[in-house]
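Colleague: Next up, run.tsv (TSV, N, CA and C atoms).
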chain	number	residue	atom	x	y	z
A	1	MET	N	75.23	12.71	28.76
A	1	MET	CA	74.03	12.81	28.02
A	1	MET	C	72.87	12.10	28.71
A	2	THR	N	73.13	11.19	29.53
A	2	THR	CA	72.06	10.46	30.22
A	2	THR	C	71.64	11.13	31.51
A	3	ASP	N	72.20	12.33	31.80
A	3	ASP	CA	71.85	13.04	33.02
A	3	ASP	C	70.48	13.73	32.94
A	4	GLN	N	69.92	13.86	31.76
A	4	GLN	CA	68.64	14.53	31.60
A	4	GLN	C	67.50	13.57	31.98
A	5	PRO	N	66.50	14.13	32.71
A	5	PRO	CA	65.35	13.27	33.03
A	5	PRO	C	64.51	13.01	31.77
A	6	PRO	N	63.75	11.97	31.77
A	6	PRO	CA	62.90	11.70	30.60
A	6	PRO	C	61.91	12.84	30.37
A	7	TYR	N	61.52	12.99	29.14
A	7	TYR	CA	60.63	14.08	28.74
A	7	TYR	C	59.28	13.96	29.45
A	8	GLY	N	58.84	15.06	30.08
A	8	GLY	CA	57.54	15.11	30.72
A	8	GLY	C	57.52	14.65	32.15
A	9	VAL	N	58.62	14.28	32.70
A	9	VAL	CA	58.64	13.82	34.09
A	9	VAL	C	58.54	15.03	35.01
A	10	GLY	N	57.75	14.91	36.05
A	10	GLY	CA	57.67	15.97	37.04
A	10	GLY	C	56.48	16.89	36.86
A	11	THR	N	55.74	16.73	35.80
A	11	THR	CA	54.57	17.58	35.64
A	11	THR	C	53.35	16.81	36.13
A	12	TYR	N	52.59	17.47	36.98
A	12	TYR	CA	51.36	16.87	37.51
A	12	TYR	C	50.17	17.66	37.00
A	13	ILE	N	49.27	17.00	36.35
A	13	ILE	CA	48.05	17.63	35.88
A	13	ILE	C	46.90	17.03	36.67
A	14	PRO	N	46.22	17.87	37.47
A	14	PRO	CA	45.11	17.33	38.25
A	14	PRO	C	43.96	16.90	37.35
A	15	PRO	N	43.22	15.88	37.75
A	15	PRO	CA	42.10	15.43	36.91
A	15	PRO	C	40.95	16.43	36.93
A	16	ASN	N	40.15	16.38	35.88
A	16	ASN	CA	38.98	17.24	35.80
A	16	ASN	C	37.89	16.75	36.73
A	17	SER	N	37.12	17.67	37.23
A	17	SER	CA	35.96	17.33	38.05
A	17	SER	C	34.91	16.68	37.17
A	18	SER	N	34.35	15.58	37.63
A	18	SER	CA	33.32	14.92	36.85
A	18	SER	C	32.05	15.77	36.77
A	19	MET	N	31.78	16.56	37.81
A	19	MET	CA	30.61	17.44	37.78
A	19	MET	C	30.78	18.54	36.73
A	20	ALA	N	32.01	18.99	36.52
A	20	ALA	CA	32.26	20.01	35.50
A	20	ALA	C	32.00	19.44	34.11
A	21	LEU	N	32.40	18.20	33.91
A	21	LEU	CA	32.16	17.56	32.62
A	21	LEU	C	30.67	17.33	32.41
A	22	VAL	N	29.96	16.93	33.45
A	22	VAL	CA	28.51	16.75	33.36
A	22	VAL	C	27.84	18.09	33.05
A	23	SER	N	28.32	19.15	33.65
A	23	SER	CA	27.76	20.49	33.40
A	23	SER	C	27.93	20.87	31.93
A	24	LEU	N	29.09	20.65	31.38
A	24	LEU	CA	29.33	20.99	29.97
A	24	LEU	C	28.45	20.15	29.05
A	25	ILE	N	28.36	18.86	29.32
A	25	ILE	CA	27.56	17.97	28.46
A	25	ILE	C	26.09	18.34	28.53
A	26	THR	N	25.57	18.56	29.73
A	26	THR	CA	24.15	18.92	29.84
A	26	THR	C	23.88	20.32	29.29
A	27	GLY	N	24.87	21.21	29.34
A	27	GLY	CA	24.71	22.53	28.71
A	27	GLY	C	24.57	22.41	27.21
A	28	ILE	N	25.35	21.53	26.61
A	28	ILE	CA	25.24	21.30	25.17
A	28	ILE	C	23.91	20.63	24.84
A	29	LEU	N	23.53	19.65	25.66
A	29	LEU	CA	22.24	18.98	25.44
A	29	LEU	C	21.07	19.94	25.66
A	30	GLY	N	21.26	20.91	26.55
A	30	GLY	CA	20.21	21.89	26.80
A	30	GLY	C	19.97	22.80	25.61
A	31	LEU	N	20.94	22.94	24.75
A	31	LEU	CA	20.76	23.74	23.53
A	31	LEU	C	20.29	22.91	22.35
A	32	THR	N	20.35	21.58	22.48
A	32	THR	CA	20.02	20.75	21.34
A	32	THR	C	18.83	19.84	21.62
A	33	ILE	N	18.99	18.82	22.44
A	33	ILE	CA	17.99	17.77	22.57
A	33	ILE	C	16.99	18.05	23.70
A	34	PHE	N	17.48	18.45	24.87
A	34	PHE	CA	16.63	18.69	26.04
A	34	PHE	C	16.65	20.17	26.39
A	35	PRO	N	15.82	21.00	25.71
A	35	PRO	CA	15.97	22.45	25.77
A	35	PRO	C	16.05	23.08	27.15
A	36	VAL	N	15.08	22.97	27.98
A	36	VAL	CA	15.11	23.71	29.24
A	36	VAL	C	15.65	22.86	30.38
A	37	ILE	N	15.31	21.59	30.39
A	37	ILE	CA	15.73	20.70	31.49
A	37	ILE	C	17.25	20.57	31.51
A	38	GLY	N	17.85	20.36	30.35
A	38	GLY	CA	19.31	20.25	30.28
A	38	GLY	C	20.01	21.51	30.73
A	39	SER	N	19.40	22.66	30.44
A	39	SER	CA	20.00	23.94	30.85
A	39	SER	C	19.97	24.11	32.36
A	40	PHE	N	18.85	23.74	32.99
A	40	PHE	CA	18.79	23.83	34.45
A	40	PHE	C	19.78	22.87	35.10
A	41	VAL	N	19.90	21.67	34.56
A	41	VAL	CA	20.87	20.71	35.10
A	41	VAL	C	22.29	21.24	34.93
A	42	ALA	N	22.57	21.89	33.81
A	42	ALA	CA	23.89	22.46	33.58
A	42	ALA	C	24.22	23.55	34.60
A	43	LEU	N	23.23	24.38	34.92
A	43	LEU	CA	23.45	25.43	35.92
A	43	LEU	C	23.73	24.83	37.29
A	44	ILE	N	22.96	23.85	37.67
A	44	ILE	CA	23.11	23.25	39.01
A	44	ILE	C	24.44	22.51	39.11
A	45	THR	N	24.74	21.65	38.13
A	45	THR	CA	25.98	20.89	38.21
A	45	THR	C	27.21	21.78	38.02
A	46	GLY	N	27.09	22.84	37.25
A	46	GLY	CA	28.21	23.78	37.10
A	46	GLY	C	28.54	24.47	38.41
A	47	SER	N	27.51	24.88	39.14
A	47	SER	CA	27.75	25.51	40.45
A	47	SER	C	28.34	24.51	41.43
A	48	MET	N	27.83	23.28	41.40
A	48	MET	CA	28.38	22.25	42.29
A	48	MET	C	29.84	21.96	41.95
A	49	ALA	N	30.16	21.94	40.66
A	49	ALA	CA	31.53	21.67	40.22
A	49	ALA	C	32.48	22.78	40.66
A	50	LYS	N	32.03	24.04	40.55
A	50	LYS	CA	32.90	25.14	40.97
A	50	LYS	C	33.20	25.07	42.47
A	51	LYS	N	32.20	24.72	43.27
A	51	LYS	CA	32.43	24.56	44.71
A	51	LYS	C	33.35	23.38	44.99
A	52	GLU	N	33.14	22.27	44.26
A	52	GLU	CA	33.98	21.08	44.44
A	52	GLU	C	35.43	21.38	44.10
A	53	ILE	N	35.65	22.11	43.01
A	53	ILE	CA	37.01	22.45	42.59
A	53	ILE	C	37.67	23.39	43.60
A	54	ALA	N	36.91	24.36	44.09
A	54	ALA	CA	37.47	25.30	45.07
A	54	ALA	C	37.81	24.59	46.38
A	55	ASN	N	36.99	23.64	46.80
A	55	ASN	CA	37.25	22.92	48.04
A	55	ASN	C	38.36	21.88	47.92
A	56	SER	N	38.70	21.49	46.69
A	56	SER	CA	39.74	20.47	46.52
A	56	SER	C	41.15	21.02	46.69
A	57	ARG	N	41.32	22.33	46.68
A	57	ARG	CA	42.62	23.00	46.86
A	57	ARG	C	43.69	22.52	45.87
A	58	GLY	N	43.29	22.46	44.61
A	58	GLY	CA	44.24	22.12	43.56
A	58	GLY	C	44.26	20.66	43.18
A	59	ALA	N	43.52	19.82	43.86
A	59	ALA	CA	43.51	18.40	43.52
A	59	ALA	C	42.62	18.12	42.31
A	60	LEU	N	41.70	19.03	42.02
A	60	LEU	CA	40.83	18.88	40.86
A	60	LEU	C	40.93	20.11	39.97
A	61	SER	N	40.75	19.90	38.68
A	61	SER	CA	40.69	21.02	37.74
A	61	SER	C	39.37	20.94	36.99
A	62	GLY	N	39.19	21.80	36.03
A	62	GLY	CA	37.99	21.79	35.21
A	62	GLY	C	37.09	22.98	35.44
A	63	GLU	N	37.66	24.05	36.00
A	63	GLU	CA	36.84	25.24	36.24
A	63	GLU	C	36.34	25.83	34.92
A	64	GLY	N	37.12	25.73	33.87
A	64	GLY	CA	36.69	26.21	32.57
A	64	GLY	C	35.51	25.41	32.02
A	65	LEU	N	35.53	24.10	32.25
A	65	LEU	CA	34.40	23.27	31.84
A	65	LEU	C	33.14	23.67	32.59
A	66	ALA	N	33.29	23.93	33.89
A	66	ALA	CA	32.14	24.32	34.71
A	66	ALA	C	31.59	25.68	34.26
A	67	LYS	N	32.49	26.62	33.98
A	67	LYS	CA	32.04	27.94	33.50
A	67	LYS	C	31.33	27.82	32.16
A	68	ALA	N	31.87	27.00	31.27
A	68	ALA	CA	31.23	26.81	29.96
A	68	ALA	C	29.85	26.19	30.13
A	69	GLY	N	29.71	25.23	31.03
A	69	GLY	CA	28.41	24.62	31.29
A	69	GLY	C	27.42	25.62	31.84
A	70	ILE	N	27.88	26.48	32.75
A	70	ILE	CA	26.99	27.51	33.31
A	70	ILE	C	26.56	28.50	32.24
A	71	ILE	N	27.50	28.92	31.41
A	71	ILE	CA	27.17	29.87	30.34
A	71	ILE	C	26.17	29.25	29.36
A	72	LEU	N	26.42	28.00	28.97
A	72	LEU	CA	25.49	27.32	28.06
A	72	LEU	C	24.13	27.14	28.72
A	73	GLY	N	24.11	26.92	30.03
A	73	GLY	CA	22.84	26.80	30.74
A	73	GLY	C	22.05	28.09	30.71
A	74	TRP	N	22.71	29.22	30.94
A	74	TRP	CA	22.01	30.50	30.90
A	74	TRP	C	21.54	30.83	29.48
A	75	VAL	N	22.35	30.49	28.49
A	75	VAL	CA	21.94	30.72	27.10
A	75	VAL	C	20.73	29.84	26.77
A	76	GLY	N	20.75	28.59	27.25
A	76	GLY	CA	19.65	27.68	27.00
A	76	GLY	C	18.37	28.10	27.69
A	77	ILE	N	18.46	28.86	28.75
A	77	ILE	CA	17.27	29.39	29.42
A	77	ILE	C	16.86	30.72	28.80
A	78	GLY	N	17.83	31.52	28.42
A	78	GLY	CA	17.53	32.85	27.87
A	78	GLY	C	16.91	32.82	26.48
A	79	LEU	N	17.32	31.88	25.64
A	79	LEU	CA	16.76	31.82	24.29
A	79	LEU	C	15.26	31.56	24.27
A	80	PRO	N	14.74	30.57	25.01
A	80	PRO	CA	13.28	30.40	25.00
A	80	PRO	C	12.53	31.59	25.57
A	81	VAL	N	13.12	32.25	26.56
A	81	VAL	CA	12.46	33.45	27.12
A	81	VAL	C	12.38	34.54	26.06
A	82	CYS	N	13.45	34.75	25.31
A	82	CYS	CA	13.44	35.75	24.24
A	82	CYS	C	12.44	35.38	23.15
A	83	VAL	N	12.37	34.10	22.80
A	83	VAL	CA	11.42	33.66	21.78
A	83	VAL	C	9.99	33.90	22.24
A	84	LEU	N	9.70	33.61	23.51
A	84	LEU	CA	8.36	33.86	24.03
A	84	LEU	C	8.02	35.35	24.04
A	85	CYS	N	8.98	36.19	24.38
A	85	CYS	CA	8.74	37.64	24.36
A	85	CYS	C	8.47	38.13	22.94
A	86	ILE	N	9.26	37.67	21.99
A	86	ILE	CA	9.05	38.06	20.59
A	86	ILE	C	7.70	37.57	20.10
A	87	ALA	N	7.32	36.34	20.48
A	87	ALA	CA	6.02	35.82	20.07
A	87	ALA	C	4.88	36.65	20.68
A	88	ALA	N	5.03	37.04	21.94
A	88	ALA	CA	3.99	37.84	22.58
A	88	ALA	C	3.86	39.22	21.91
A	89	ILE	N	4.98	39.83	21.60
A	89	ILE	CA	4.95	41.14	20.93
A	89	ILE	C	4.36	41.00	19.53
A	90	THR	N	4.69	39.93	18.84
A	90	THR	CA	4.15	39.70	17.50
A	90	THR	C	2.64	39.52	17.56
A	91	ILE	N	2.17	38.73	18.50
A	91	ILE	CA	0.73	38.53	18.64
A	91	ILE	C	0.04	39.85	18.97
A	92	LEU	N	0.66	40.64	19.82
A	92	LEU	CA	0.08	41.92	20.19
A	92	LEU	C	-0.06	42.84	18.99
A	93	PHE	N	1.01	42.99	18.22
A	93	PHE	CA	1.00	43.96	17.13
A	93	PHE	C	0.37	43.44	15.84
A	94	VAL	N	0.39	42.15	15.62
A	94	VAL	CA	-0.13	41.62	14.37
A	94	VAL	C	-1.61	41.23	14.49
A	95	ILE	N	-2.03	40.77	15.65
A	95	ILE	CA	-3.40	40.28	15.78
A	95	ILE	C	-4.26	41.23	16.61
A	96	LEU	N	-3.82	41.55	17.81
A	96	LEU	CA	-4.68	42.31	18.72
A	96	LEU	C	-4.79	43.78	18.36
A	97	LEU	N	-3.71	44.42	18.01
A	97	LEU	CA	-3.75	45.84	17.69
A	97	LEU	C	-4.63	46.14	16.48
A	98	PRO	N	-4.52	45.40	15.37
A	98	PRO	CA	-5.44	45.66	14.26
A	98	PRO	C	-6.90	45.42	14.64
A	99	MET	N	-7.14	44.43	15.49
A	99	MET	CA	-8.52	44.18	15.92
A	99	MET	C	-9.06	45.37	16.72
A	100	LEU	N	-8.22	45.94	17.55
A	100	LEU	CA	-8.65	47.09	18.33
A	100	LEU	C	-8.87	48.33	17.47
A	101	LEU	N	-8.09	48.46	16.41
A	101	LEU	CA	-8.26	49.60	15.52
A	101	LEU	C	-9.47	49.46	14.60
A	102	VAL	N	-9.80	48.23	14.23
A	102	VAL	CA	-10.91	48.00	13.31
A	102	VAL	C	-12.22	47.83	14.08
A	103	ALA	N	-12.17	47.44	15.33
A	103	ALA	CA	-13.38	47.16	16.10
A	103	ALA	C	-14.33	48.35	16.18
A	104	PRO	N	-13.90	49.59	16.39
A	104	PRO	CA	-14.86	50.70	16.42
A	104	PRO	C	-15.59	50.88	15.08
A	105	TRP	N	-14.89	50.70	13.99
A	105	TRP	CA	-15.51	50.84	12.67
A	105	TRP	C	-16.56	49.76	12.47
A	106	ILE	N	-16.24	48.51	12.88
A	106	ILE	CA	-17.19	47.40	12.74
A	106	ILE	C	-18.40	47.66	13.64
A	107	ALA	N	-18.15	48.13	14.84
A	107	ALA	CA	-19.26	48.40	15.76
A	107	ALA	C	-20.16	49.49	15.19
A	108	GLN	N	-19.60	50.51	14.59
A	108	GLN	CA	-20.39	51.59	14.00
A	108	GLN	C	-21.23	51.07	12.83
A	109	GLU	N	-20.62	50.26	11.96
A	109	GLU	CA	-21.36	49.70	10.83
A	109	GLU	C	-22.46	48.77	11.32
A	110	PHE	N	-22.20	47.99	12.34
A	110	PHE	CA	-23.19	47.09	12.89
A	110	PHE	C	-24.34	47.88	13.52
A	111	GLY	N	-24.02	48.98	14.19
A	111	GLY	CA	-25.05	49.83	14.77
A	111	GLY	C	-25.94	50.45	13.70
A	112	MET	N	-25.33	50.90	12.60
A	112	MET	CA	-26.12	51.47	11.50
A	112	MET	C	-27.03	50.40	10.89
A	113	LEU	N	-26.54	49.19	10.79
A	113	LEU	CA	-27.34	48.10	10.26
A	113	LEU	C	-28.52	47.79	11.16
A	114	LEU	N	-28.30	47.83	12.46
A	114	LEU	CA	-29.40	47.59	13.41
A	114	LEU	C	-30.44	48.71	13.33
A	115	LEU	N	-29.99	49.96	13.20
A	115	LEU	CA	-30.93	51.08	13.06
A	115	LEU	C	-31.75	50.96	11.79
A	116	ALA	N	-31.12	50.49	10.72
A	116	ALA	CA	-31.83	50.33	9.44
A	116	ALA	C	-32.88	49.24	9.53
A	117	LEU	N	-32.63	48.23	10.31
A	117	LEU	CA	-33.59	47.14	10.45
A	117	LEU	C	-34.78	47.53	11.32
A	118	ILE	N	-34.59	48.47	12.23
A	118	ILE	CA	-35.68	48.87	13.11
A	118	ILE	C	-36.51	49.87	12.41
Turn the structure described in the file into structure tokens.

Modeller:
Amino acid sequence: MTDQPPYGVGTYIPPNSSMALVSLITGILGLTIFPVIGSFVALITGSMAKKEIANSRGALSGEGLAKAGIILGWVGIGLPVCVLCIAAITILFVILLPMLLVAPWIAQEFGMLLLALI
């Protein structure tokens, strides 16, 4: 009965890359506290972490953390861009378009008023 090795012996789990963890944390911060800056940092550190993990030849893990950081970074950059596009379209259709449609009528009424005064 004592011939069995202790439970868990022989398994080696490589440590996570610190850059991958930084990428994930800054990706989360990029969606919450530091909107655009955190997202850019997440993209940069995530790419650095993926290269570091690939060059380590199995000595480091954390590729999933790096991918999650990169994805969160792109989401953190894409959301403000979408909000700006929606705001621009809203301004165009709600403010500028009605002004362009009403402007000829106002100009005509103003012209008639000027003719009446002369």

Colleague: For Gly73 (chain A), which of A:Leu21, A:Met99, A:Ile13, A:Val36 is the closest residue, counting only C-alpha atoms?

Modeller: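 For Gly73 (chain A), the nearest of the candidates is A:Val36.
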
Colleague: In Å to one decimal, how far is atom C of Thr26 (chain A) from atom N of Val41 (chain A)?

Modeller: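 Answer for the atom N of Val41 (chain A) to atom C of Thr26 (chain A) separation: 6.7 Å.
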
Colleague: My list of candidates is A:Cys85, A:Leu60, A:Leu72, A:Ile53. Which is closest to Gly30 (chain A) when distances are computed with all atoms listed in the file?

Modeller: A:Leu72

Colleague: A:Leu84, A:Leu96, A:Ile28, A:Ile89: which is nearest Ile70 (chain A), counting only C-alpha atoms?

Modeller: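 Using only C-alpha atoms, the shortest distance to Ile70 (chain A) belongs to A:Ile28.
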
Colleague: Name the closest residue to Ile37 (chain A) among the candidates A:Ser18, A:Ile77, A:Gly62, A:Thr11; distances are taken between atoms, counting only C-alpha atoms.

Modeller: A:Ile77

Colleague: Could you write out, as an MDAnalysis selection string, all the residues of region 6-116 of chain A that DSSP marks as alpha helix (DSSP H)?

Modeller: chainID A and resid 18:31 35:56 63:91 97:116

Colleague: Please, what distance in Å, to one decimal, runs between atom C of Ser23 (chain A) and CA of Val83 (chain A)?

Modeller: 23.2 Å

Colleague: Go ahead and compute the interatomic distance for atom C of Ser39 (chain A) and atom N of Ile71 (chain A), in Å to one decimal.

Modeller: 9.0 Å

Colleague: Need the shell around Leu29 (chain A): protein/DNA/RNA residues with any atom at most 8 Å away, counting only C-alpha atoms. Skip same-chain ones fewer than 5 positions apart. Format as a PDB file with N, CA and C atoms, in the coordinates of the input?

Modeller:
ATOM      1  N   PHE A  34      17.480  18.450  24.870  1.00  0.00           N
ATOM      2  CA  PHE A  34      16.630  18.690  26.040  1.00  0.00           C
ATOM      3  C   PHE A  34      16.650  20.170  26.390  1.00  0.00           C
ATOM      4  N   PRO A  35      15.820  21.000  25.710  1.00  0.00           N
ATOM      5  CA  PRO A  35      15.970  22.450  25.770  1.00  0.00           C
ATOM      6  C   PRO A  35      16.050  23.080  27.150  1.00  0.00           C
ATOM      7  N   GLY A  38      17.850  20.360  30.350  1.00  0.00           N
ATOM      8  CA  GLY A  38      19.310  20.250  30.280  1.00  0.00           C
ATOM      9  C   GLY A  38      20.010  21.510  30.730  1.00  0.00           C
ATOM     10  N   SER A  39      19.400  22.660  30.440  1.00  0.00           N
ATOM     11  CA  SER A  39      20.000  23.940  30.850  1.00  0.00           C
ATOM     12  C   SER A  39      19.970  24.110  32.360  1.00  0.00           C
TER      13      SER A  39
END

Colleague: Would you list the residues near (32.4, 21.5, 33.8) (no more than 7 Å away, in the coordinates of the file, using all atoms listed in the file) as a ChimeraX atom specification?

Modeller: /A:17-25,45-46,49,62-70

Colleague: For Pro14 (chain A), which of A:Met48, A:Val102, A:Ala42, A:Ala59 is the closest residue, counting all atoms listed in the file?

Modeller: A:Ala59
